[in-house]
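Take a look at the structure set out below.
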Amino acid sequence: MGALRLYWTLVSVRLHGQMQYRLPFLLDITATFLGSFVDFVALAGVFSRFRSVGGWSLGEVALLYGLAEIPFALKELSLCGYDYDFFAPLVRQGQLDQMLLRPLSLPMQLVAAEFPLRRLGRLSQAVLVFALGLHLTPIAWSAAKLLYLPIVGLSALAFFAAIDITGSTACFWTVERLEVFSLFSYGGAAMLSFPMHIYHVWLRRFFTFVVPAALVVYYPALFLLDKPDPFGLPRLLSFLAPLAGLGTLAAACAFWRFGVRHYQSTGT
Amino acid sequence: MTSIVVEDLRKEFRVYAHRAGGLGALRSLVSRDVRLVRAVDGLCFSIEAGELVGYLGPNGAGKSTTIKMLTGILVPTSGTVTVNGRVPWRERLAHVARIGAVFGQRNTLWWDLPVIESFDLLRHIYHIPPERYRENVRQFTELLGLEEFLRTPVRSLSLGQLMRSNLAAALLHDPEILFLDEPTIGLDVVAKERIRNFVRQINRERGTTVVLTTHDLSDVGKLCERVLMIDHGRLLFDGQLSELQQRFGGERELVVDFAEEYEEPAVEGARIVAREGPRVTYRFGQGEVGALEIIGRLSARYRLLDLSVREPEIEATVRRIYEERLLDRRA
């Protein structure tokens, strides 16, 4: 497919550039790996003290962590173009205008603009923790669960992408960094690594029904682990992940298109 | 065939006034002073295919805003723009594939890549047929002297090399229209000349329509026959450069080589500004007595060997127009 080949041609330029210097590159990945690993060490530290947290064992929490972190890390790798820190300078320095002069869609150009390999550190860490979780926790695997797992992963990826896209679209209106979006993306991923019932009821409700983070990580996890929902909400919620993921992504994309139209009407 | 048609084009910007002080900031949350800036105020013009047009105006006149609307970056408040039969911002991808744009002191190539690799990426992006690509690269390299830095990363280039590379890049896909926004700004004389010659050749050989926005009036003088002059968002002048000179050129100079050194070769309608032996330089104003008349009067009284008439510098003409508001129809 033409678009895919074009994406690959553009992205390989970025990959090439990064791998030019071997040693710094490897050090970078290692550092990122260790950085995220500290996260999990803190988590494991809690469990060394308490056998379980809210009825969840270390293995189960590790799985939850993986279910949140792997899609998040994948998003960080592949959709760096929509990262606020990457996108905001583009708008400010007028490079967005240059992109508008190329016969390529803006999303294509942004997505192909960067692929930070050092974030493989975060991804590999998440995979290891997930593997640890799988090792420690007996799951009653079924065909349904095996099929649903990758769908959940993609839905979470779509959800995290939606947060980033929304945050970047805000650039069209304000030069201020809206920290609230970092709260949702990084904060969201961190929050999702813990079982929801440890959080306040309003926080839970917000992140289930308004910004449906829980629908793409926590509720599917309940299904995988055959755990009942401590709040008695219907089992159905576990299967709403694709709807939540695609829904938020669609909303974010609509907002993005609106933002681009606004930008083209007002200039910089 | 008309390449670009602009009808009653308007672009207004809402500028929000800042209120000073802490109280002012709070008040700004409730209501804000809005000022309406008319960057482009009812432009009408059309450009035929193959023309090389200069687009002049003082800073803040609305030139860049116009170019942004012609290239499709900006959407106008009202009015119509048609470029090659398309509305730029509505059919962005199709429109942009057939135009090229170079902005002075700005770069469109990939910083870390050698120039030739940037070209190669553009080949993919614009779907340029391999034969066409090779031929264009060959010709542009030769005409612009790119050979010595074709394999140098773009970030290491000097400004002149950067602009030449950007110019070549903008034409690789054989666009029908080329937009140049201050392409020679900051360049030395040699680089400017090279770029001018290149643009002229491209325009002549390929019939590429060129819209040249510039402050450098020697660019205009050397390249353009037709100029559009804009100020405060309005079109002040649309016509031949020579006409502009004739109407507003201020004074012209007449240099006469007399057969002998006359003491006071005065003449009505012109004043002497310099003498160098038998060579006398006169100045005379437009619209009063014509050059022919003065020459006639001189030759009636004295013996002339040779003469030449010098047009005023374009800079001087344009400066007069801006400063003395000679074309200002707003009053």
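By convention in this document, the chains of the structure tokens carry letters A, B, ... by their order, each chain's residues are numbered from 1, and ligands are numbered from 1 in the order they are shown.
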
Any idea which chain B residues end up within 9 Å of chain A if we count only C-alpha atoms, as a PDB file with N, CA and C atoms, in the first residue's frame please?
ATOM      1  N   GLU B  12      -9.583  39.170   7.589  1.00  0.00           N
ATOM      2  CA  GLU B  12      -9.600  39.957   8.808  1.00  0.00           C
ATOM      3  C   GLU B  12      -9.107  39.109   9.955  1.00  0.00           C
ATOM      4  N   PHE B  13      -8.306  39.717  10.810  1.00  0.00           N
ATOM      5  CA  PHE B  13      -7.848  39.021  12.008  1.00  0.00           C
ATOM      6  C   PHE B  13      -8.425  39.698  13.228  1.00  0.00           C
ATOM      7  N   ARG B  14      -8.790  38.858  14.183  1.00  0.00           N
ATOM      8  CA  ARG B  14      -9.254  39.421  15.451  1.00  0.00           C
ATOM      9  C   ARG B  14      -8.060  39.497  16.381  1.00  0.00           C
ATOM     10  N   THR B  65       0.177  37.498   3.935  1.00  0.00           N
ATOM     11  CA  THR B  65      -1.178  36.977   4.113  1.00  0.00           C
ATOM     12  C   THR B  65      -1.747  36.543   2.778  1.00  0.00           C
ATOM     13  N   LYS B  68      -0.141  33.307   1.692  1.00  0.00           N
ATOM     14  CA  LYS B  68      -0.655  32.180   2.476  1.00  0.00           C
ATOM     15  C   LYS B  68      -2.015  31.733   1.975  1.00  0.00           C
ATOM     16  N   THR B  71      -1.460  29.887  -1.383  1.00  0.00           N
ATOM     17  CA  THR B  71      -0.886  28.546  -1.243  1.00  0.00           C
ATOM     18  C   THR B  71      -1.805  27.605  -0.482  1.00  0.00           C
ATOM     19  N   GLY B  72      -2.828  28.139   0.182  1.00  0.00           N
ATOM     20  CA  GLY B  72      -3.784  27.265   0.848  1.00  0.00           C
ATOM     21  C   GLY B  72      -3.545  27.101   2.332  1.00  0.00           C
ATOM     22  N   ILE B  73      -2.556  27.817   2.854  1.00  0.00           N
ATOM     23  CA  ILE B  73      -2.279  27.694   4.281  1.00  0.00           C
ATOM     24  C   ILE B  73      -3.359  28.384   5.094  1.00  0.00           C
ATOM     25  N   LEU B  74      -3.810  29.523   4.586  1.00  0.00           N
ATOM     26  CA  LEU B  74      -4.790  30.337   5.300  1.00  0.00           C
ATOM     27  C   LEU B  74      -6.112  30.355   4.553  1.00  0.00           C
ATOM     28  N   VAL B  75      -7.208  30.405   5.305  1.00  0.00           N
ATOM     29  CA  VAL B  75      -8.530  30.490   4.693  1.00  0.00           C
ATOM     30  C   VAL B  75      -9.011  31.943   4.778  1.00  0.00           C
ATOM     31  N   PRO B  76      -9.455  32.533   3.689  1.00  0.00           N
ATOM     32  CA  PRO B  76      -9.864  33.940   3.738  1.00  0.00           C
ATOM     33  C   PRO B  76     -11.160  34.163   4.499  1.00  0.00           C
ATOM     34  N   THR B  77     -11.399  35.406   4.860  1.00  0.00           N
ATOM     35  CA  THR B  77     -12.646  35.763   5.524  1.00  0.00           C
ATOM     36  C   THR B  77     -13.771  35.793   4.502  1.00  0.00           C
ATOM     37  N   TRP B  89      -7.428  26.066  -0.328  1.00  0.00           N
ATOM     38  CA  TRP B  89      -7.585  25.422   0.965  1.00  0.00           C
ATOM     39  C   TRP B  89      -8.610  24.301   0.933  1.00  0.00           C
ATOM     40  N   ARG B  92      -6.556  20.988  -0.811  1.00  0.00           N
ATOM     41  CA  ARG B  92      -5.162  21.232  -0.428  1.00  0.00           C
ATOM     42  C   ARG B  92      -4.207  20.253  -1.098  1.00  0.00           C
ATOM     43  N   LEU B  93      -4.456  18.967  -0.975  1.00  0.00           N
ATOM     44  CA  LEU B  93      -3.496  17.989  -1.472  1.00  0.00           C
ATOM     45  C   LEU B  93      -3.274  18.123  -2.981  1.00  0.00           C
ATOM     46  N   ALA B  94      -4.368  18.230  -3.712  1.00  0.00           N
ATOM     47  CA  ALA B  94      -4.228  18.346  -5.163  1.00  0.00           C
ATOM     48  C   ALA B  94      -3.562  19.664  -5.542  1.00  0.00           C
ATOM     49  N   HIS B  95      -3.922  20.719  -4.851  1.00  0.00           N
ATOM     50  CA  HIS B  95      -3.375  22.047  -5.152  1.00  0.00           C
ATOM     51  C   HIS B  95      -1.887  22.096  -4.874  1.00  0.00           C
ATOM     52  N   VAL B  96      -1.508  21.624  -3.699  1.00  0.00           N
ATOM     53  CA  VAL B  96      -0.140  21.742  -3.235  1.00  0.00           C
ATOM     54  C   VAL B  96       0.812  20.878  -4.069  1.00  0.00           C
ATOM     55  N   ALA B  97       0.284  19.812  -4.676  1.00  0.00           N
ATOM     56  CA  ALA B  97       1.116  18.944  -5.497  1.00  0.00           C
ATOM     57  C   ALA B  97       1.558  19.649  -6.783  1.00  0.00           C
ATOM     58  N   ARG B  98       0.863  20.741  -7.150  1.00  0.00           N
ATOM     59  CA  ARG B  98       1.197  21.409  -8.398  1.00  0.00           C
ATOM     60  C   ARG B  98       1.836  22.771  -8.203  1.00  0.00           C
ATOM     61  N   ILE B  99       2.154  23.124  -6.960  1.00  0.00           N
ATOM     62  CA  ILE B  99       2.845  24.393  -6.745  1.00  0.00           C
ATOM     63  C   ILE B  99       4.152  24.161  -6.012  1.00  0.00           C
ATOM     64  N   GLY B 100       5.019  25.163  -6.101  1.00  0.00           N
ATOM     65  CA  GLY B 100       6.252  25.126  -5.320  1.00  0.00           C
ATOM     66  C   GLY B 100       6.331  26.423  -4.546  1.00  0.00           C
ATOM     67  N   ALA B 101       6.972  26.385  -3.396  1.00  0.00           N
ATOM     68  CA  ALA B 101       7.083  27.591  -2.585  1.00  0.00           C
ATOM     69  C   ALA B 101       8.437  27.639  -1.896  1.00  0.00           C
ATOM     70  N   ASN B 107      13.633  27.030   5.813  1.00  0.00           N
ATOM     71  CA  ASN B 107      14.078  25.799   5.181  1.00  0.00           C
ATOM     72  C   ASN B 107      12.960  24.781   5.084  1.00  0.00           C
ATOM     73  N   THR B 108      12.871  24.103   3.935  1.00  0.00           N
ATOM     74  CA  THR B 108      11.851  23.071   3.803  1.00  0.00           C
ATOM     75  C   THR B 108      12.462  21.680   3.748  1.00  0.00           C
ATOM     76  N   ASP B 112      18.973  16.948   8.924  1.00  0.00           N
ATOM     77  CA  ASP B 112      20.102  16.035   9.139  1.00  0.00           C
ATOM     78  C   ASP B 112      20.542  15.312   7.876  1.00  0.00           C
ATOM     79  N   LEU B 113      19.776  15.484   6.837  1.00  0.00           N
ATOM     80  CA  LEU B 113      20.089  14.723   5.624  1.00  0.00           C
ATOM     81  C   LEU B 113      20.910  15.526   4.629  1.00  0.00           C
ATOM     82  N   LEU B 121      13.722  12.085  -0.975  1.00  0.00           N
ATOM     83  CA  LEU B 121      12.487  11.976  -0.201  1.00  0.00           C
ATOM     84  C   LEU B 121      11.354  12.702  -0.911  1.00  0.00           C
ATOM     85  N   HIS B 124       9.740  10.783  -3.585  1.00  0.00           N
ATOM     86  CA  HIS B 124       8.698   9.864  -3.135  1.00  0.00           C
ATOM     87  C   HIS B 124       7.421  10.589  -2.794  1.00  0.00           C
ATOM     88  N   ILE B 125       7.569  11.701  -2.083  1.00  0.00           N
ATOM     89  CA  ILE B 125       6.391  12.417  -1.617  1.00  0.00           C
ATOM     90  C   ILE B 125       5.563  12.962  -2.779  1.00  0.00           C
ATOM     91  N   TYR B 126       6.244  13.462  -3.806  1.00  0.00           N
ATOM     92  CA  TYR B 126       5.539  14.055  -4.942  1.00  0.00           C
ATOM     93  C   TYR B 126       5.321  13.085  -6.088  1.00  0.00           C
TER      94      TYR B 126
END

List the spatial neighbours of B:Thr152 as a ChimeraX atom specification - criterion: any atom at most 9 Å away, only C-alpha atoms, same-chain residues fewer than 3 positions off excluded.
/B:113-116,148-149,155-157

Name the residues in contact with A:Leu58 at a cut-off of 10 Å, using only C-alpha atoms, excluding same-chain residues fewer than 4 positions from it; report them as a list in words.
Leu43, Ala44, Gly45, Val46, Phe47, Ser48, Phe50, Arg51, Ser52, Val53, Ala62, Leu63, Leu64, Leu132, Gly133, Leu136 and Thr137 of chain A

Suppose you want the space between atom CA of B:Leu167 and atom CA of B:Pro58; what is it in Å?
24.3 Å

Proximity of stretch 29-79 of chain A to stretch 212-224 of chain A: per-residue shortest pair, 12 Å limit, only C-alpha atoms, as a Markdown table:
| residue | atom | partner | partner_atom | distance |
| --- | --- | --- | --- | --- |
| A:Trp56 | CA | A:Leu222 | CA | 10.8 |
| A:Glu60 | CA | A:Ala221 | CA | 8.9 |
| A:Val61 | CA | A:Ala221 | CA | 9.8 |
| A:Ala62 | CA | A:Ala221 | CA | 11.1 |
| A:Leu63 | CA | A:Ala221 | CA | 8.0 |
| A:Leu64 | CA | A:Ala221 | CA | 6.5 |
| A:Tyr65 | CA | A:Val217 | CA | 9.0 |
| A:Gly66 | CA | A:Val217 | CA | 9.4 |
| A:Leu67 | CA | A:Val217 | CA | 6.0 |
| A:Ala68 | CA | A:Val217 | CA | 6.0 |
| A:Glu69 | CA | A:Val217 | CA | 9.7 |
| A:Ile70 | CA | A:Val217 | CA | 10.8 |
| A:Pro71 | CA | A:Val217 | CA | 9.8 |
| A:Phe72 | CA | A:Val217 | CA | 11.0 |

Next, write the just-selected residues to a file, as a PDB file, in the first residue's frame, keeping N, CA and C atoms as the atom set.
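Dumped to part.pdb:
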ATOM      1  N   TRP A  56      -5.825  -7.927  45.568  1.00  0.00           N
ATOM      2  CA  TRP A  56      -5.035  -8.218  44.375  1.00  0.00           C
ATOM      3  C   TRP A  56      -3.625  -8.610  44.776  1.00  0.00           C
ATOM      4  N   GLU A  60      -1.122 -10.225  39.997  1.00  0.00           N
ATOM      5  CA  GLU A  60      -2.290  -9.629  39.358  1.00  0.00           C
ATOM      6  C   GLU A  60      -2.056  -8.155  39.070  1.00  0.00           C
ATOM      7  N   VAL A  61      -1.427  -7.485  40.011  1.00  0.00           N
ATOM      8  CA  VAL A  61      -1.147  -6.055  39.796  1.00  0.00           C
ATOM      9  C   VAL A  61      -0.127  -5.887  38.671  1.00  0.00           C
ATOM     10  N   ALA A  62       0.816  -6.827  38.601  1.00  0.00           N
ATOM     11  CA  ALA A  62       1.792  -6.759  37.510  1.00  0.00           C
ATOM     12  C   ALA A  62       1.106  -6.876  36.160  1.00  0.00           C
ATOM     13  N   LEU A  63       0.110  -7.727  36.088  1.00  0.00           N
ATOM     14  CA  LEU A  63      -0.662  -7.876  34.849  1.00  0.00           C
ATOM     15  C   LEU A  63      -1.394  -6.587  34.508  1.00  0.00           C
ATOM     16  N   LEU A  64      -2.012  -6.017  35.526  1.00  0.00           N
ATOM     17  CA  LEU A  64      -2.732  -4.759  35.338  1.00  0.00           C
ATOM     18  C   LEU A  64      -1.770  -3.674  34.822  1.00  0.00           C
ATOM     19  N   TYR A  65      -0.618  -3.636  35.463  1.00  0.00           N
ATOM     20  CA  TYR A  65       0.433  -2.696  35.076  1.00  0.00           C
ATOM     21  C   TYR A  65       0.786  -2.885  33.598  1.00  0.00           C
ATOM     22  N   GLY A  66       0.984  -4.143  33.204  1.00  0.00           N
ATOM     23  CA  GLY A  66       1.324  -4.428  31.810  1.00  0.00           C
ATOM     24  C   GLY A  66       0.223  -4.014  30.859  1.00  0.00           C
ATOM     25  N   LEU A  67      -1.007  -4.276  31.243  1.00  0.00           N
ATOM     26  CA  LEU A  67      -2.140  -3.943  30.384  1.00  0.00           C
ATOM     27  C   LEU A  67      -2.246  -2.433  30.156  1.00  0.00           C
ATOM     28  N   ALA A  68      -1.771  -1.658  31.127  1.00  0.00           N
ATOM     29  CA  ALA A  68      -1.779  -0.199  30.962  1.00  0.00           C
ATOM     30  C   ALA A  68      -0.516   0.269  30.255  1.00  0.00           C
ATOM     31  N   GLU A  69       0.609  -0.265  30.690  1.00  0.00           N
ATOM     32  CA  GLU A  69       1.894   0.265  30.238  1.00  0.00           C
ATOM     33  C   GLU A  69       2.275  -0.121  28.821  1.00  0.00           C
ATOM     34  N   ILE A  70       1.949  -1.335  28.405  1.00  0.00           N
ATOM     35  CA  ILE A  70       2.366  -1.749  27.056  1.00  0.00           C
ATOM     36  C   ILE A  70       1.710  -0.887  25.971  1.00  0.00           C
ATOM     37  N   PRO A  71       0.376  -0.711  26.006  1.00  0.00           N
ATOM     38  CA  PRO A  71      -0.211   0.175  24.999  1.00  0.00           C
ATOM     39  C   PRO A  71       0.331   1.601  25.113  1.00  0.00           C
ATOM     40  N   PHE A  72       0.529   2.052  26.352  1.00  0.00           N
ATOM     41  CA  PHE A  72       1.030   3.413  26.517  1.00  0.00           C
ATOM     42  C   PHE A  72       2.416   3.567  25.886  1.00  0.00           C
TER      43      PHE A  72
END

So that I can check the surroundings of A:Tyr82, please list as JSON, numbers by chain every protein, DNA and RNA residue that reaches within 10 Å of it, counting only C-alpha atoms and ignoring chain neighbours fewer than 6 positions away.
{"A": [75, 76, 88, 107, 110, 111, 113, 114, 161, 162, 163, 164, 165, 166, 167, 168, 169]}

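Taking atom CA of B:Arg86 and atom CA of B:Glu7 as the two end points, the separation is 13.8 Å.
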
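Taking atom CA of B:Thr80 and atom CA of A:Phe172 as the two end points, the separation is 25.0 Å.
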
List the spatial neighbours of B:Gln245 as a PyMOL selection string - criterion: any atom at most 12 Å away, only C-alpha atoms, same-chain residues fewer than 3 positions off excluded.
chain B and resi 221+225-227+237+239-242+248-252+285-287+310-321

Non-local contacts of B:Leu162 (12 Å; only C-alpha atoms; under 4 positions in same chain excluded) as number ranges by chain
B: 102-111, 114-115, 144-146, 149-150, 152-158, 166-169, 183-184, 186-187, 191, 195

Using only C-alpha atoms, which residues sit within 12 Å of A:Glu179 once same-chain residues fewer than 5 positions away are excluded, as JSON, numbers by chain?
{"A": [84, 85, 164, 167, 168, 170, 184, 185, 186, 187]}

Can I get the selection written as a PDB file, in the first residue's frame, with C-alpha atoms?
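Output contents, as saved in out_4.pdb:
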ATOM      1  CA  TYR A  84       2.707  17.923  23.120  1.00  0.00           C
ATOM      2  CA  ASP A  85       6.422  18.611  23.513  1.00  0.00           C
ATOM      3  CA  ASP A 164      -2.364  13.035  23.123  1.00  0.00           C
ATOM      4  CA  GLY A 167      -3.745  17.788  24.149  1.00  0.00           C
ATOM      5  CA  SER A 168      -1.903  18.748  20.981  1.00  0.00           C
ATOM      6  CA  ALA A 170      -5.147  22.622  22.272  1.00  0.00           C
ATOM      7  CA  PHE A 184      -4.505  12.424  31.872  1.00  0.00           C
ATOM      8  CA  SER A 185      -1.861  10.698  29.821  1.00  0.00           C
ATOM      9  CA  TYR A 186       1.051   9.974  32.159  1.00  0.00           C
ATOM     10  CA  GLY A 187      -1.131  10.237  35.232  1.00  0.00           C
TER      11      GLY A 187
END

Determine which residues of stretch 56-247 of chain B DSSP labels as strand (DSSP E or B) from the backbone of this structure, then write them out as a PyMOL selection string.
chain B and resi 56+78-83+86+99-103+114+153+177-181+209-213+226-231+234-240
